[in-house]
Amino acid sequence: MQVAKILEILNSISPFELQEVWDNCGLILGDSNAEFQRIYLSLEVTLPLLEKMESNALLITHHPLIFSPLKQLNFAQYPAKLLQLAIQKNIQLIAMHTNFDKTHFGEYVTREILGVQTYTKQDFLIRFVWEDSIESLCAHIKKKLHLNPLKYTESNHKNTQNVALVTGSGGSFIRNLVGIDCLITGDVKYHEAMEAQALGINVIDCGHYELECYFGEILSPILTNYGYKAIILDSQNPFNFV
């Protein structure tokens with residue numbers, strides 16, 4: 001099995017050219033001409049996952065291990081410590097981040113996890129109608145995503161009919177939302193929540209990990225259709241809740 005063939009398949013289902021200019025998708029570490037014995041899928045590259053993986057493998061993740069150019073490789077620090085182990089075990093790394101957000105993630109969470117079948121999509125943004133209260137929407141999300149507790153910001157605009165969903169971290173979308181009563185996303189900052197209140201937009205913050213832990217679940221059957229079997233590795237949420 002050759003890395004170049006997998007890159008070709010991944011590019012056909014979610015073109016790497018769709019990634020944002022600040023992003024770093026595609027082959028992160030390795031050689032496109034290299035061969036591998038196994039495919040692993042994970043949301044993140046983590047040290048426990050690399051230690052668990054067998055050598056001569058390909059790891060496809062959602063989040064890139066390297067976002068910006070590295071000025072040094074200090075193997076006692078992140079991400080160089082992880083890169084060192086990956087190189088030692090001859091593990092190739094591929095990331096599918098904002099391109100995959102635009103082509104797969106939002107739709108999957110909306111349809112398969114939240115059970116909403118009627119929606120529209122534009123890049124990162126999924127829109128659908130919720131014919132009930134903000135409280136009922138929160139209860140639905142808590143049940144479907146197995147969340148307890150769930151953080152949300154309630155504006156003076158109680159209507160939640162027109163809903164938008166952005167997987168990952170979508171707080172920066174708030175000021176550009178038009179005709180939206182409620183935004184479902186993760187990693188909302190304090191001042192983004194204040195801005196949403198001023199604009200009359202309710203915000204439901206599900207958490208970053210909680211909205212994107214389905215990466216392997218989405219990609220595995222796609223690769224199976226192309227004749228490749230992948231092993232899903234569950235990277236753990238770095239946050240604990242008490």
# chains A, B, ... in the order shown; residues from 1 in each chain; ligands from 1
>>> select_by_dssp(residues="region 54-181 of chain A", states="strand (DSSP E)", output="list in words")
Ala57, Leu58, Leu59, Ile60, Thr61, Gln92, Leu93, Ile94, Ala95, Thr120, Lys121, Gln122, Leu125, Ile126, Arg127, Phe128, Val129, Lys151, Tyr152, Thr153, Asn162, Val163, Ala164, Leu165, Val166, Thr167, Gly168 and Ser169 of chain A
>>> residues_around(residues="Asp234 (chain A)", least_positions_apart="4", cutoff="8 Å", atoms="only C-alpha atoms", output="ChimeraX atom specification")
/A:42-43,213
>>> select_by_dssp(residues="region 95-220 of chain A", states="alpha helix (DSSP H)", output="PyMOL selection string")
chain A and resi 98-100+106-108+134-145+190-199+208-212+215-220
>>> write_last_selection(atoms="N, CA and C atoms", output="short mmCIF file (atom, residue, chain, number, x, y, z; two decimals), in the first residue's frame")
data_model
loop_
_atom_site.label_atom_id
_atom_site.label_comp_id
_atom_site.auth_asym_id
_atom_site.auth_seq_id
_atom_site.Cartn_x
_atom_site.Cartn_y
_atom_site.Cartn_z
N THR A 98 -9.58 21.50 7.62
CA THR A 98 -10.67 22.37 7.17
C THR A 98 -11.28 21.92 5.86
N ASN A 99 -10.54 21.20 5.04
CA ASN A 99 -11.16 20.64 3.83
C ASN A 99 -12.24 19.62 4.20
N PHE A 100 -11.95 18.80 5.20
CA PHE A 100 -12.90 17.77 5.65
C PHE A 100 -14.08 18.41 6.38
N GLY A 106 -19.66 18.70 9.16
CA GLY A 106 -20.90 19.33 9.59
C GLY A 106 -22.13 18.53 9.21
N GLU A 107 -22.12 18.02 7.98
CA GLU A 107 -23.26 17.22 7.52
C GLU A 107 -23.42 15.95 8.34
N TYR A 108 -22.31 15.29 8.65
CA TYR A 108 -22.39 14.04 9.39
C TYR A 108 -22.95 14.27 10.79
N ILE A 134 -35.07 27.05 23.04
CA ILE A 134 -33.64 26.85 23.24
C ILE A 134 -33.41 25.73 24.26
N GLU A 135 -34.29 25.63 25.25
CA GLU A 135 -34.16 24.58 26.27
C GLU A 135 -34.33 23.19 25.65
N SER A 136 -35.29 23.06 24.75
CA SER A 136 -35.51 21.76 24.12
C SER A 136 -34.36 21.39 23.19
N LEU A 137 -33.78 22.39 22.53
CA LEU A 137 -32.63 22.13 21.66
C LEU A 137 -31.42 21.69 22.49
N CYS A 138 -31.21 22.35 23.62
CA CYS A 138 -30.11 21.96 24.51
C CYS A 138 -30.31 20.53 25.02
N ALA A 139 -31.53 20.20 25.40
CA ALA A 139 -31.82 18.86 25.89
C ALA A 139 -31.57 17.81 24.81
N HIS A 140 -31.94 18.14 23.58
CA HIS A 140 -31.72 17.22 22.46
C HIS A 140 -30.23 17.00 22.22
N ILE A 141 -29.46 18.08 22.24
CA ILE A 141 -28.02 17.98 22.02
C ILE A 141 -27.34 17.20 23.15
N LYS A 142 -27.73 17.46 24.38
CA LYS A 142 -27.16 16.73 25.52
C LYS A 142 -27.39 15.23 25.37
N LYS A 143 -28.57 14.87 24.92
CA LYS A 143 -28.89 13.45 24.76
C LYS A 143 -28.10 12.82 23.62
N LYS A 144 -28.04 13.49 22.47
CA LYS A 144 -27.41 12.92 21.28
C LYS A 144 -25.88 12.88 21.40
N LEU A 145 -25.30 13.88 22.05
CA LEU A 145 -23.85 13.95 22.17
C LEU A 145 -23.37 13.43 23.52
N TYR A 190 -15.16 34.05 25.78
CA TYR A 190 -16.01 34.91 26.60
C TYR A 190 -16.55 36.10 25.80
N HIS A 191 -15.69 36.81 25.11
CA HIS A 191 -16.12 37.99 24.38
C HIS A 191 -16.94 37.65 23.14
N GLU A 192 -16.74 36.47 22.59
CA GLU A 192 -17.60 36.01 21.49
C GLU A 192 -19.02 35.77 22.00
N ALA A 193 -19.12 35.22 23.22
CA ALA A 193 -20.44 35.01 23.82
C ALA A 193 -21.11 36.35 24.10
N MET A 194 -20.35 37.34 24.57
CA MET A 194 -20.90 38.67 24.79
C MET A 194 -21.38 39.30 23.49
N GLU A 195 -20.62 39.12 22.44
CA GLU A 195 -21.00 39.64 21.13
C GLU A 195 -22.28 38.98 20.64
N ALA A 196 -22.39 37.69 20.85
CA ALA A 196 -23.59 36.96 20.43
C ALA A 196 -24.82 37.49 21.15
N GLN A 197 -24.69 37.73 22.45
CA GLN A 197 -25.82 38.28 23.20
C GLN A 197 -26.25 39.63 22.65
N ALA A 198 -25.28 40.46 22.33
CA ALA A 198 -25.60 41.79 21.79
C ALA A 198 -26.29 41.70 20.43
N LEU A 199 -25.97 40.65 19.67
CA LEU A 199 -26.55 40.48 18.34
C LEU A 199 -27.85 39.67 18.37
N HIS A 208 -15.06 21.38 21.61
CA HIS A 208 -14.38 21.08 20.35
C HIS A 208 -14.30 19.57 20.12
N TYR A 209 -13.78 18.87 21.10
CA TYR A 209 -13.63 17.42 20.99
C TYR A 209 -14.98 16.74 20.77
N GLU A 210 -15.97 17.20 21.52
CA GLU A 210 -17.28 16.56 21.50
C GLU A 210 -17.95 16.60 20.13
N LEU A 211 -17.65 17.61 19.34
CA LEU A 211 -18.23 17.72 18.01
C LEU A 211 -17.40 17.03 16.93
N GLU A 212 -16.13 16.72 17.24
CA GLU A 212 -15.25 16.20 16.20
C GLU A 212 -14.65 14.83 16.50
N PHE A 215 -14.34 11.64 13.68
CA PHE A 215 -13.53 11.63 12.46
C PHE A 215 -13.31 10.23 11.90
N GLY A 216 -12.81 9.33 12.74
CA GLY A 216 -12.56 7.97 12.28
C GLY A 216 -13.83 7.26 11.87
N GLU A 217 -14.90 7.52 12.59
CA GLU A 217 -16.21 6.92 12.30
C GLU A 217 -16.71 7.34 10.91
N ILE A 218 -16.39 8.57 10.51
CA ILE A 218 -16.80 9.06 9.19
C ILE A 218 -15.92 8.48 8.09
N LEU A 219 -14.60 8.52 8.30
CA LEU A 219 -13.67 8.18 7.23
C LEU A 219 -13.49 6.68 7.01
N SER A 220 -13.63 5.88 8.06
CA SER A 220 -13.39 4.44 7.94
C SER A 220 -14.24 3.76 6.87
#
>>> closest_residue(among="A:Lys158, A:Gly207, A:Met53, A:Phe124", to="Pro238 (chain A)", atoms="only C-alpha atoms")
A:Gly207
>>> atom_distance(atom1="CA of Asp181 (chain A)", atom2="CA of Gln161 (chain A)")
6.4 Å
>>> residues_around(residues="Glu17 (chain A)", least_positions_apart="3", cutoff="10 Å", atoms="only C-alpha atoms", output="JSON, numbers by chain")
{"A": [11, 14, 20, 21, 25, 26, 98, 99]}
>>> write_last_selection(atoms="N, CA and C atoms", output="CSV table (one decimal), in the first residue's frame")
chain,number,residue,atom,x,y,z
A,11,ASN,N,-8.0,13.1,-1.6
A,11,ASN,CA,-8.2,14.3,-2.4
A,11,ASN,C,-9.4,14.3,-3.2
A,14,SER,N,-12.4,14.8,-0.6
A,14,SER,CA,-12.3,16.0,0.1
A,14,SER,C,-11.1,16.8,-0.3
A,20,GLU,N,-8.3,26.1,4.4
A,20,GLU,CA,-8.1,27.5,4.6
A,20,GLU,C,-6.7,27.9,4.5
A,21,VAL,N,-6.4,29.1,4.2
A,21,VAL,CA,-5.0,29.5,3.9
A,21,VAL,C,-4.1,29.3,5.1
A,25,CYS,N,-3.1,21.0,5.7
A,25,CYS,CA,-3.6,19.6,5.4
A,25,CYS,C,-2.7,18.9,4.4
A,26,GLY,N,-3.0,17.6,4.2
A,26,GLY,CA,-2.2,16.8,3.3
A,26,GLY,C,-1.1,16.0,4.0
A,98,THR,N,-9.6,21.5,7.6
A,98,THR,CA,-10.7,22.4,7.2
A,98,THR,C,-11.3,21.9,5.9
A,99,ASN,N,-10.5,21.2,5.0
A,99,ASN,CA,-11.2,20.6,3.8
A,99,ASN,C,-12.2,19.6,4.2
>>> atom_distance(atom1="CA of Lys151 (chain A)", atom2="CA of Ile204 (chain A)")
6.2 Å
>>> residues_around(residues="Cys182 (chain A)", least_positions_apart="2", cutoff="8 Å", atoms="only C-alpha atoms", output="PyMOL selection string")
chain A and resi 160-164+180+184+201-204
>>> closest_residue(among="A:Val166, A:Ile174, A:Ile66, A:Val45", to="Arg127 (chain A)", atoms="only C-alpha atoms")
A:Val166
>>> atom_distance(atom1="CA of Gly227 (chain A)", atom2="CA of Leu7 (chain A)")
14.3 Å
>>> residues_around(residues="Asp187 (chain A)", least_positions_apart="5", cutoff="8 Å", atoms="only C-alpha atoms", output="VMD selection string")
chain A and resid 168 to 171 205 to 208
>>> closest_residue(among="A:Thr110, A:Asn159, A:Gln37, A:Gln117", to="Asp132 (chain A)", atoms="only C-alpha atoms")
A:Asn159
>>> decode(residues="region 9-30 of chain A", atoms="N, CA and C atoms", output="PDB file, in the first residue's frame")
ATOM      1  N   ILE A   9      -6.986   9.224  -3.143  1.00  0.00           N
ATOM      2  CA  ILE A   9      -8.353   8.918  -2.727  1.00  0.00           C
ATOM      3  C   ILE A   9      -8.901  10.026  -1.826  1.00  0.00           C
ATOM      4  N   LEU A  10      -8.116  10.425  -0.846  1.00  0.00           N
ATOM      5  CA  LEU A  10      -8.561  11.463   0.080  1.00  0.00           C
ATOM      6  C   LEU A  10      -8.833  12.778  -0.639  1.00  0.00           C
ATOM      7  N   ASN A  11      -7.989  13.092  -1.605  1.00  0.00           N
ATOM      8  CA  ASN A  11      -8.180  14.322  -2.366  1.00  0.00           C
ATOM      9  C   ASN A  11      -9.433  14.259  -3.235  1.00  0.00           C
ATOM     10  N   SER A  12      -9.805  13.059  -3.655  1.00  0.00           N
ATOM     11  CA  SER A  12     -11.009  12.915  -4.486  1.00  0.00           C
ATOM     12  C   SER A  12     -12.288  13.091  -3.681  1.00  0.00           C
ATOM     13  N   ILE A  13     -12.265  12.691  -2.414  1.00  0.00           N
ATOM     14  CA  ILE A  13     -13.473  12.809  -1.589  1.00  0.00           C
ATOM     15  C   ILE A  13     -13.540  14.141  -0.845  1.00  0.00           C
ATOM     16  N   SER A  14     -12.387  14.762  -0.618  1.00  0.00           N
ATOM     17  CA  SER A  14     -12.330  16.033   0.107  1.00  0.00           C
ATOM     18  C   SER A  14     -11.084  16.781  -0.345  1.00  0.00           C
ATOM     19  N   PRO A  15     -11.173  17.526  -1.456  1.00  0.00           N
ATOM     20  CA  PRO A  15      -9.989  18.159  -2.057  1.00  0.00           C
ATOM     21  C   PRO A  15      -9.180  18.998  -1.072  1.00  0.00           C
ATOM     22  N   PHE A  16      -7.891  18.765  -1.039  1.00  0.00           N
ATOM     23  CA  PHE A  16      -7.020  19.506  -0.132  1.00  0.00           C
ATOM     24  C   PHE A  16      -6.993  20.997  -0.457  1.00  0.00           C
ATOM     25  N   GLU A  17      -7.314  21.361  -1.688  1.00  0.00           N
ATOM     26  CA  GLU A  17      -7.324  22.768  -2.072  1.00  0.00           C
ATOM     27  C   GLU A  17      -8.440  23.555  -1.371  1.00  0.00           C
ATOM     28  N   LEU A  18      -9.373  22.858  -0.747  1.00  0.00           N
ATOM     29  CA  LEU A  18     -10.453  23.526  -0.023  1.00  0.00           C
ATOM     30  C   LEU A  18     -10.014  24.028   1.350  1.00  0.00           C
ATOM     31  N   GLN A  19      -8.829  23.609   1.802  1.00  0.00           N
ATOM     32  CA  GLN A  19      -8.382  24.023   3.128  1.00  0.00           C
ATOM     33  C   GLN A  19      -8.192  25.534   3.199  1.00  0.00           C
ATOM     34  N   GLU A  20      -8.349  26.084   4.415  1.00  0.00           N
ATOM     35  CA  GLU A  20      -8.140  27.505   4.638  1.00  0.00           C
ATOM     36  C   GLU A  20      -6.664  27.850   4.474  1.00  0.00           C
ATOM     37  N   VAL A  21      -6.376  29.116   4.195  1.00  0.00           N
ATOM     38  CA  VAL A  21      -5.001  29.529   3.901  1.00  0.00           C
ATOM     39  C   VAL A  21      -4.074  29.334   5.100  1.00  0.00           C
ATOM     40  N   TRP A  22      -4.633  29.382   6.325  1.00  0.00           N
ATOM     41  CA  TRP A  22      -3.810  29.229   7.530  1.00  0.00           C
ATOM     42  C   TRP A  22      -3.614  27.756   7.911  1.00  0.00           C
ATOM     43  N   ASP A  23      -4.279  26.862   7.199  1.00  0.00           N
ATOM     44  CA  ASP A  23      -4.298  25.456   7.584  1.00  0.00           C
ATOM     45  C   ASP A  23      -3.104  24.701   6.994  1.00  0.00           C
ATOM     46  N   ASN A  24      -2.962  23.425   7.387  1.00  0.00           N
ATOM     47  CA  ASN A  24      -1.841  22.618   6.915  1.00  0.00           C
ATOM     48  C   ASN A  24      -2.304  21.181   6.709  1.00  0.00           C
ATOM     49  N   CYS A  25      -3.074  20.967   5.651  1.00  0.00           N
ATOM     50  CA  CYS A  25      -3.609  19.632   5.353  1.00  0.00           C
ATOM     51  C   CYS A  25      -2.699  18.896   4.371  1.00  0.00           C
ATOM     52  N   GLY A  26      -2.951  17.605   4.224  1.00  0.00           N
ATOM     53  CA  GLY A  26      -2.164  16.797   3.305  1.00  0.00           C
ATOM     54  C   GLY A  26      -1.116  15.991   4.041  1.00  0.00           C
ATOM     55  N   LEU A  27      -0.015  15.692   3.353  1.00  0.00           N
ATOM     56  CA  LEU A  27       1.065  14.893   3.937  1.00  0.00           C
ATOM     57  C   LEU A  27       1.883  15.759   4.887  1.00  0.00           C
ATOM     58  N   ILE A  28       1.801  15.463   6.175  1.00  0.00           N
ATOM     59  CA  ILE A  28       2.496  16.235   7.217  1.00  0.00           C
ATOM     60  C   ILE A  28       3.890  15.687   7.479  1.00  0.00           C
ATOM     61  N   LEU A  29       4.021  14.376   7.437  1.00  0.00           N
ATOM     62  CA  LEU A  29       5.304  13.731   7.688  1.00  0.00           C
ATOM     63  C   LEU A  29       5.379  12.462   6.853  1.00  0.00           C
ATOM     64  N   GLY A  30       6.493  12.296   6.141  1.00  0.00           N
ATOM     65  CA  GLY A  30       6.681  11.067   5.381  1.00  0.00           C
ATOM     66  C   GLY A  30       7.029  11.311   3.929  1.00  0.00           C
TER      67      GLY A  30
END
